[in-house]
file upload_36.txt (compact mmCIF, C-alpha atoms)
# COMPACT_ATOMS: atom_id res chain seq x y z
CA MET A 201 324.25 77.42 124.16
CA ALA A 202 326.04 79.40 126.84
CA LEU A 203 328.02 82.44 125.73
CA ASP A 204 331.40 83.13 127.34
CA VAL A 205 332.10 86.86 127.56
CA LEU A 206 335.22 88.97 128.10
CA ILE A 207 334.57 92.36 129.74
CA VAL A 208 337.44 94.86 129.38
CA ASP A 209 337.30 98.06 131.45
CA ASP A 210 339.72 99.68 133.88
CA SER A 211 336.81 100.35 136.23
CA ALA A 212 335.85 97.37 138.39
CA ALA A 213 332.52 99.13 139.00
CA ILE A 214 331.69 99.16 135.29
CA ARG A 215 332.76 95.52 134.91
CA LYS A 216 330.33 94.59 137.69
CA ILE A 217 327.54 96.65 136.12
CA LEU A 218 328.08 95.15 132.66
CA HIS A 219 328.03 91.65 134.16
CA ARG A 220 324.71 92.47 135.84
CA VAL A 221 323.32 94.01 132.64
CA LEU A 222 324.19 90.88 130.65
CA VAL A 223 322.16 88.84 133.15
CA GLN A 224 319.27 91.34 132.96
CA ALA A 225 319.41 91.21 129.16
CA ASP A 226 318.72 87.46 129.25
CA VAL A 227 322.00 86.66 127.53
CA PRO A 228 322.62 82.91 127.92
CA LEU A 229 325.76 83.56 129.94
CA GLY A 230 328.54 81.06 130.41
CA ARG A 231 331.78 82.24 131.98
CA VAL A 232 332.47 85.95 132.36
CA VAL A 233 336.17 86.81 132.13
CA GLU A 234 337.36 90.30 133.16
CA ALA A 235 340.36 92.39 132.16
CA GLY A 236 341.44 95.87 133.29
CA ASP A 237 343.11 96.98 130.06
CA GLY A 238 343.98 95.86 126.53
CA VAL A 239 347.20 94.11 127.51
CA GLU A 240 345.43 92.01 130.12
CA ALA A 241 342.61 91.30 127.65
CA LEU A 242 344.98 89.94 125.00
CA ALA A 243 346.63 87.73 127.62
CA LYS A 244 343.22 86.40 128.72
CA LEU A 245 342.25 85.70 125.08
CA LYS A 246 345.26 83.38 124.73
CA GLY A 247 343.90 81.09 127.42
CA GLU A 248 340.14 81.62 127.21
CA LYS A 249 337.76 81.07 124.32
CA VAL A 250 335.00 83.66 124.40
CA GLY A 251 332.13 84.44 122.06
CA LEU A 252 331.74 88.14 122.81
CA ILE A 253 333.95 91.01 123.99
CA LEU A 254 332.68 94.21 125.63
CA SER A 255 335.42 96.84 125.77
CA ASP A 256 335.95 100.37 127.01
CA ILE A 257 338.17 102.73 124.97
CA ASN A 258 339.97 104.92 127.53
CA MET A 259 342.19 102.54 129.49
CA PRO A 260 345.81 102.57 130.67
CA ASN A 261 348.59 100.52 129.01
CA MET A 262 346.57 99.61 125.90
CA ASP A 263 343.33 101.38 125.04
CA GLY A 264 340.23 99.85 123.48
CA LEU A 265 341.01 100.92 119.92
CA GLN A 266 344.52 99.43 120.13
CA LEU A 267 342.97 96.26 121.56
CA LEU A 268 340.42 96.14 118.73
CA ASN A 269 343.22 96.56 116.19
CA ALA A 270 345.19 93.71 117.76
CA ILE A 271 342.16 91.41 117.86
CA LYS A 272 341.31 92.01 114.20
CA ALA A 273 344.92 91.28 113.24
CA ASP A 274 344.91 87.90 115.00
CA ASN A 275 343.31 85.08 112.99
CA ALA A 276 342.60 83.12 116.16
CA VAL A 277 340.27 85.75 117.63
CA LYS A 278 339.41 88.18 114.81
CA ASP A 279 335.88 86.84 114.36
CA ILE A 280 334.85 87.47 117.99
CA PRO A 281 332.36 90.38 117.95
CA VAL A 282 333.56 93.40 119.95
CA LEU A 283 331.02 95.86 121.39
CA MET A 284 332.58 99.14 122.49
CA VAL A 285 331.07 100.58 125.70
CA THR A 286 332.63 103.96 126.39
CA THR A 287 332.30 107.62 127.30
CA GLU A 288 334.02 108.44 124.00
CA GLY A 289 330.91 109.62 122.15
CA GLY A 290 332.65 111.81 119.57
CA SER A 291 332.03 110.93 115.93
CA SER A 292 335.76 110.53 115.19
CA LYS A 293 336.17 107.82 117.83
CA VAL A 294 332.98 106.07 116.74
CA MET A 295 334.13 106.06 113.12
CA GLU A 296 337.58 104.81 114.12
CA ALA A 297 336.06 101.93 116.08
CA VAL A 298 333.70 101.04 113.23
CA ASN A 299 336.53 101.20 110.70
CA LEU A 300 338.62 98.91 112.89
CA GLY A 301 335.79 96.36 112.89
CA ALA A 302 333.79 96.98 116.06
CA ALA A 303 330.44 95.18 115.97
CA GLY A 304 328.71 98.02 117.79
CA TYR A 305 329.06 101.04 120.01
CA VAL A 306 327.27 102.02 123.24
CA ARG A 307 327.91 105.34 124.95
CA LYS A 308 328.15 105.62 128.75
CA PRO A 309 325.91 106.18 130.62
CA PHE A 310 323.95 103.22 129.30
CA THR A 311 320.78 101.37 130.18
CA ALA A 312 320.32 97.61 130.22
CA GLU A 313 317.88 98.06 127.34
CA GLN A 314 320.50 99.80 125.18
CA ILE A 315 322.98 96.97 125.74
CA LYS A 316 320.27 94.41 125.04
CA GLU A 317 319.32 96.11 121.76
CA LYS A 318 322.92 96.23 120.59
CA LEU A 319 323.55 92.61 121.54
CA ALA A 320 320.43 91.49 119.67
CA GLY A 321 322.11 92.48 116.42
CA ILE A 322 325.40 90.84 117.32
CA ILE A 323 324.81 87.48 118.99
CA MET B 251 333.52 129.84 125.40
CA GLN B 252 330.50 131.06 127.35
CA HIS B 253 330.29 130.09 131.02
CA GLU B 254 326.52 129.67 130.73
CA ASN B 255 326.98 127.16 127.90
CA LEU B 256 329.43 125.14 129.97
CA VAL B 257 327.13 125.19 132.98
CA GLY B 258 324.32 123.91 130.73
CA MET B 259 326.54 121.11 129.38
CA ILE B 260 327.60 120.09 132.91
CA ARG B 261 324.01 120.07 134.21
CA LYS B 262 322.72 118.09 131.21
CA SER B 263 325.53 115.55 131.54
CA ALA B 264 325.23 115.15 135.33
CA HIS B 265 321.45 114.72 135.16
CA GLU B 266 321.77 112.10 132.42
CA VAL B 267 324.43 110.13 134.29
CA PHE B 268 322.53 110.13 137.60
CA GLU B 269 319.18 109.29 136.01
CA THR B 270 320.56 106.55 133.76
CA MET B 271 323.12 104.87 136.02
CA LEU B 272 321.59 105.53 139.46
CA ASP B 273 317.91 106.19 138.77
CA LEU B 274 318.26 109.35 140.86
CA ALA B 275 317.18 112.93 140.17
CA LEU B 276 319.50 115.87 140.84
CA THR B 277 318.43 119.28 142.10
CA ASP B 278 320.43 122.13 140.57
CA GLY B 279 322.20 124.69 142.73
CA GLU B 280 323.46 128.09 141.66
CA ALA B 281 326.64 127.90 139.60
CA ALA B 282 329.65 129.98 140.63
CA PHE B 283 332.70 131.26 138.77
CA GLY B 284 336.02 132.38 140.14
CA GLN B 285 339.65 131.75 140.99
CA ALA B 286 339.22 131.12 144.68
CA ALA B 287 340.46 127.77 145.95
CA PRO B 288 337.70 125.39 146.99
CA SER B 289 336.96 125.20 150.70
CA PRO B 290 338.49 122.34 152.68
CA ILE B 291 336.72 119.08 151.89
CA ASP B 292 335.83 116.01 153.89
CA GLY B 293 335.02 113.31 151.41
CA VAL B 294 335.90 112.23 147.90
CA VAL B 295 337.25 114.26 144.99
CA SER B 296 337.70 112.70 141.57
CA ILE B 297 339.86 114.61 139.07
CA ILE B 298 340.18 114.11 135.33
CA GLY B 299 342.26 115.96 132.73
CA LEU B 300 341.14 117.29 129.36
CA ALA B 301 343.43 118.05 126.42
CA GLY B 302 342.99 119.39 122.90
CA ARG B 303 342.47 122.89 121.53
CA TRP B 304 341.13 123.59 125.00
CA VAL B 305 342.89 122.06 127.98
CA GLY B 306 341.98 121.82 131.63
CA THR B 307 340.63 119.79 134.49
CA GLY B 308 337.24 118.48 135.54
CA ALA B 309 336.44 117.30 139.04
CA PHE B 310 333.55 115.83 141.01
CA SER B 311 333.44 116.26 144.78
CA VAL B 312 331.05 114.75 147.29
CA SER B 313 330.86 114.05 151.02
CA THR B 314 331.75 110.64 152.44
CA ASP B 315 328.07 109.79 152.97
CA GLY B 316 327.23 110.98 149.48
CA ALA B 317 330.02 108.85 147.99
CA ARG B 318 328.72 105.74 149.81
CA MET B 319 325.18 106.50 148.65
CA ILE B 320 326.27 106.84 145.00
CA ALA B 321 328.31 103.62 145.05
CA SER B 322 325.54 101.69 146.84
CA ARG B 323 323.04 102.80 144.24
CA MET B 324 325.38 102.18 141.30
CA LEU B 325 326.60 98.74 142.38
CA MET B 326 323.39 97.66 144.13
CA GLN B 327 325.02 96.77 147.41
CA GLU B 328 325.44 98.68 150.66
CA TYR B 329 328.77 100.28 151.48
CA SER B 330 329.32 101.25 155.12
CA ALA B 331 332.79 102.67 154.43
CA VAL B 332 334.68 104.24 151.55
CA ASP B 333 336.62 101.37 149.98
CA ASP B 334 338.08 100.63 146.55
CA ASP B 335 334.63 99.92 145.08
CA VAL B 336 333.32 103.30 146.25
CA LEU B 337 336.36 105.16 144.89
CA ASP B 338 336.12 103.25 141.63
CA ALA B 339 332.42 104.09 141.26
CA LEU B 340 333.11 107.79 141.90
CA GLY B 341 335.91 107.76 139.31
CA GLU B 342 333.53 106.29 136.76
CA ILE B 343 330.78 108.80 137.55
CA THR B 344 333.31 111.59 136.98
CA ASN B 345 334.51 109.93 133.77
CA MET B 346 330.95 109.84 132.43
CA ILE B 347 329.99 113.39 133.48
CA ILE B 348 333.15 115.07 132.20
CA GLY B 349 333.33 112.67 129.23
CA ASN B 350 329.89 113.73 128.04
CA VAL B 351 330.81 117.41 128.47
CA LYS B 352 333.89 116.67 126.37
CA THR B 353 331.73 115.09 123.66
CA SER B 354 329.56 118.23 123.58
CA LEU B 355 332.65 120.46 123.39
CA GLU B 356 334.11 118.38 120.56
CA GLU B 357 331.18 119.32 118.30
CA GLU B 358 332.44 122.90 118.35
CA TYR B 359 336.11 122.71 119.24
CA GLY B 360 337.35 119.48 117.64
CA PRO B 361 338.75 116.29 119.17
CA MET B 362 339.79 116.33 122.82
CA GLY B 363 341.47 113.73 125.00
CA LEU B 364 340.39 112.57 128.43
CA SER B 365 342.76 111.26 131.10
CA ILE B 366 342.18 108.35 133.45
CA PRO B 367 340.46 109.68 136.62
CA THR B 368 342.38 110.15 139.87
CA VAL B 369 340.25 109.73 142.99
CA VAL B 370 341.22 111.13 146.40
CA TYR B 371 339.53 110.42 149.73
CA GLY B 372 340.39 112.15 152.97
CA HIS B 373 339.54 114.66 155.66
CA ASN B 374 340.11 118.41 155.63
CA PHE B 375 342.00 118.70 152.37
CA THR B 376 341.88 121.17 149.48
CA THR B 377 342.48 120.81 145.76
CA ARG B 378 343.80 123.48 143.43
CA SER B 379 345.42 123.84 140.02
CA VAL B 380 348.63 125.73 139.50
CA GLY B 381 347.88 129.03 137.79
CA ARG B 382 345.18 131.65 137.91
CA ASN B 383 342.58 130.06 135.70
CA GLU B 384 338.89 130.52 136.37
CA TRP B 385 336.85 127.60 137.62
CA ILE B 386 333.19 126.92 137.04
CA VAL B 387 331.56 125.25 140.04
CA VAL B 388 328.16 123.63 139.49
CA PRO B 389 326.51 122.33 142.68
CA PHE B 390 323.81 119.69 142.95
CA LEU B 391 321.75 118.14 145.71
CA CYS B 392 320.80 114.46 145.61
CA GLN B 393 319.11 112.43 148.37
CA GLY B 394 320.25 115.02 150.92
CA ALA B 395 323.89 114.89 149.78
CA SER B 396 325.63 117.96 148.37
CA MET B 397 327.98 117.47 145.44
CA GLU B 398 329.80 119.69 142.97
CA VAL B 399 331.18 119.44 139.46
CA HIS B 400 334.19 121.71 138.87
CA LEU B 401 335.53 122.57 135.44
CA CYS B 402 338.48 124.71 134.41
CA LEU B 403 339.21 125.13 130.67
CA VAL B 404 341.67 127.39 128.91
CA GLN B 405 342.69 127.67 125.27
CA GLY B 406 345.63 125.36 124.62
CA ALA B 407 347.65 127.84 122.53
CA GLU B 408 347.36 130.60 125.11
CA SER B 409 348.40 128.50 128.06
CA HIS B 410 350.55 125.76 126.60
CA HIS B 411 352.14 124.96 129.94
CA SER B 412 348.73 124.49 131.56
CA ALA B 413 348.28 121.15 129.80
CA ARG B 414 351.08 119.76 131.91
CA GLN B 415 349.86 121.21 135.12
CA THR B 416 348.44 118.78 137.58
CA ALA B 417 346.07 119.31 140.40
CA ILE B 418 347.92 119.71 143.65
CA LEU B 419 346.58 118.45 146.90
CA SER B 420 347.52 120.19 150.07
CA MET B 421 346.80 118.60 153.40
CA GLN B 422 345.86 121.15 155.99
call {"tool": "encode", "arguments": {"input": "upload_36.txt", "output": "structure tokens"}}
result
Amino acid sequence: MALDVLIVDDSAAIRKILHRVLVQADVPLGRVVEAGDGVEALAKLKGEKVGLILSDINMPNMDGLQLLNAIKADNAVKDIPVLMVTTEGGSSKVMEAVNLGAAGYVRKPFTAEQIKEKLAGII
Amino acid sequence: MQHENLVGMIRKSAHEVFETMLDLALTDGEAAFGQAAPSPIDGVVSIIGLAGRWVGTGAFSVSTDGARMIASRMLMQEYSAVDDDVLDALGEITNMIIGNVKTSLEEEYGPMGLSIPTVVYGHNFTTRSVGRNEWIVVPFLCQGASMEVHLCLVQGAESHHSARQTAILSMQ
């Protein structure tokens, strides 16, 4: 069954790369929806049903941790797994994301293999 | 904070980013330290702010051809001019290089924040920070293109106002 994915990152370059990596990782991709920050992501989630979210942390307007918090507080979307993909490699940020309910964490720079390994435990 | 340690962190981070995201090897140049303003640049400069117990600015600069080469490699398509995709790719490369340096610094100096990158493209311009803080300049060579990572860090308590300083661009 095809998996619809929401990619949230303020960098269009990283959104393109993650899209490509999902294809390389043999994920049975359906639609790929993109958002440039947390606010845009929440708006997209109101109109799109997705089965996986990949999100950066450092973004303008609403960062990835605020987005994760909002998703987990919303019964309609709280069960969608969220994989954080970010330069924020510090243990405090990792712990905060895990405590908020992130399904996994990948530090930039990343390889397709690292994303694939993380996704294998999630989807 | 030892300059040599910072140079080591910058080199390790830059090598990892280029090898992982671009499948390219970097050749190290000799690092420099000082207060002198960088020479006029033709190309792309990406600037990112750091805040915490230590505050400052990190930057990545590269020629126009080097910027197109990096973006082409990163996004797997050819870029004949510097457009939004190229600037975006350079901002993300800077975010990863300085972000990984920040992660290394956090192990010793506690949590730090990272700003959203600002990317500038132009001809014959200079960048400088207000103040007399010392910069570390770490050059690299990659596929014939010269590039530099710049880092300026000062203790937050000793230069409280520096956290609010922004890089100033002066067109020549």
call {"tool": "interface_residues", "arguments": {"input": "upload_36.txt", "of": "chain A", "to": "chain B", "cutoff": "12 Å", "atoms": "all atoms listed in the file", "output": "ChimeraX atom specification"}}
result
/A:209-221,237,256-261,263,285-294,307-314
call {"tool": "atom_distance", "arguments": {"input": "upload_36.txt", "atom1": "CA of Glu358 (chain B)", "atom2": "CA of Ala264 (chain B)"}}
result
20.0 Å
call {"tool": "atom_distance", "arguments": {"input": "upload_36.txt", "atom1": "CA of Gly394 (chain B)", "atom2": "CA of Val312 (chain B)"}}
result
11.4 Å
call {"tool": "residues_near_point", "arguments": {"input": "upload_36.txt", "point": "(339.0, 90.4, 126.4)", "cutoff": "8 Å", "atoms": "all atoms listed in the file", "output": "list in words"}}
result
Val205, Leu206, Ile207, Val208, Val233, Glu234, Ala235, Gly238, Glu240, Ala241, Leu242, Lys244, Leu245, Ile253, Leu254 and Ser255 of chain A
call {"tool": "atom_distance", "arguments": {"input": "upload_36.txt", "atom1": "CA of Leu203 (chain A)", "atom2": "CA of Ala270 (chain A)"}}
result
22.0 Å
call {"tool": "residues_near_point", "arguments": {"input": "upload_36.txt", "point": "(343.4, 108.8, 139.6)", "cutoff": "8 Å", "atoms": "all atoms listed in the file", "output": "VMD selection string"}}
result
chain B and resid 296 to 298 341 366 to 370
call {"tool": "closest_residue", "arguments": {"input": "upload_36.txt", "among": "A:Leu229, A:Met262, A:Val277, A:Met284", "to": "Glu248 (chain A)", "atoms": "only C-alpha atoms"}}
result
A:Val277
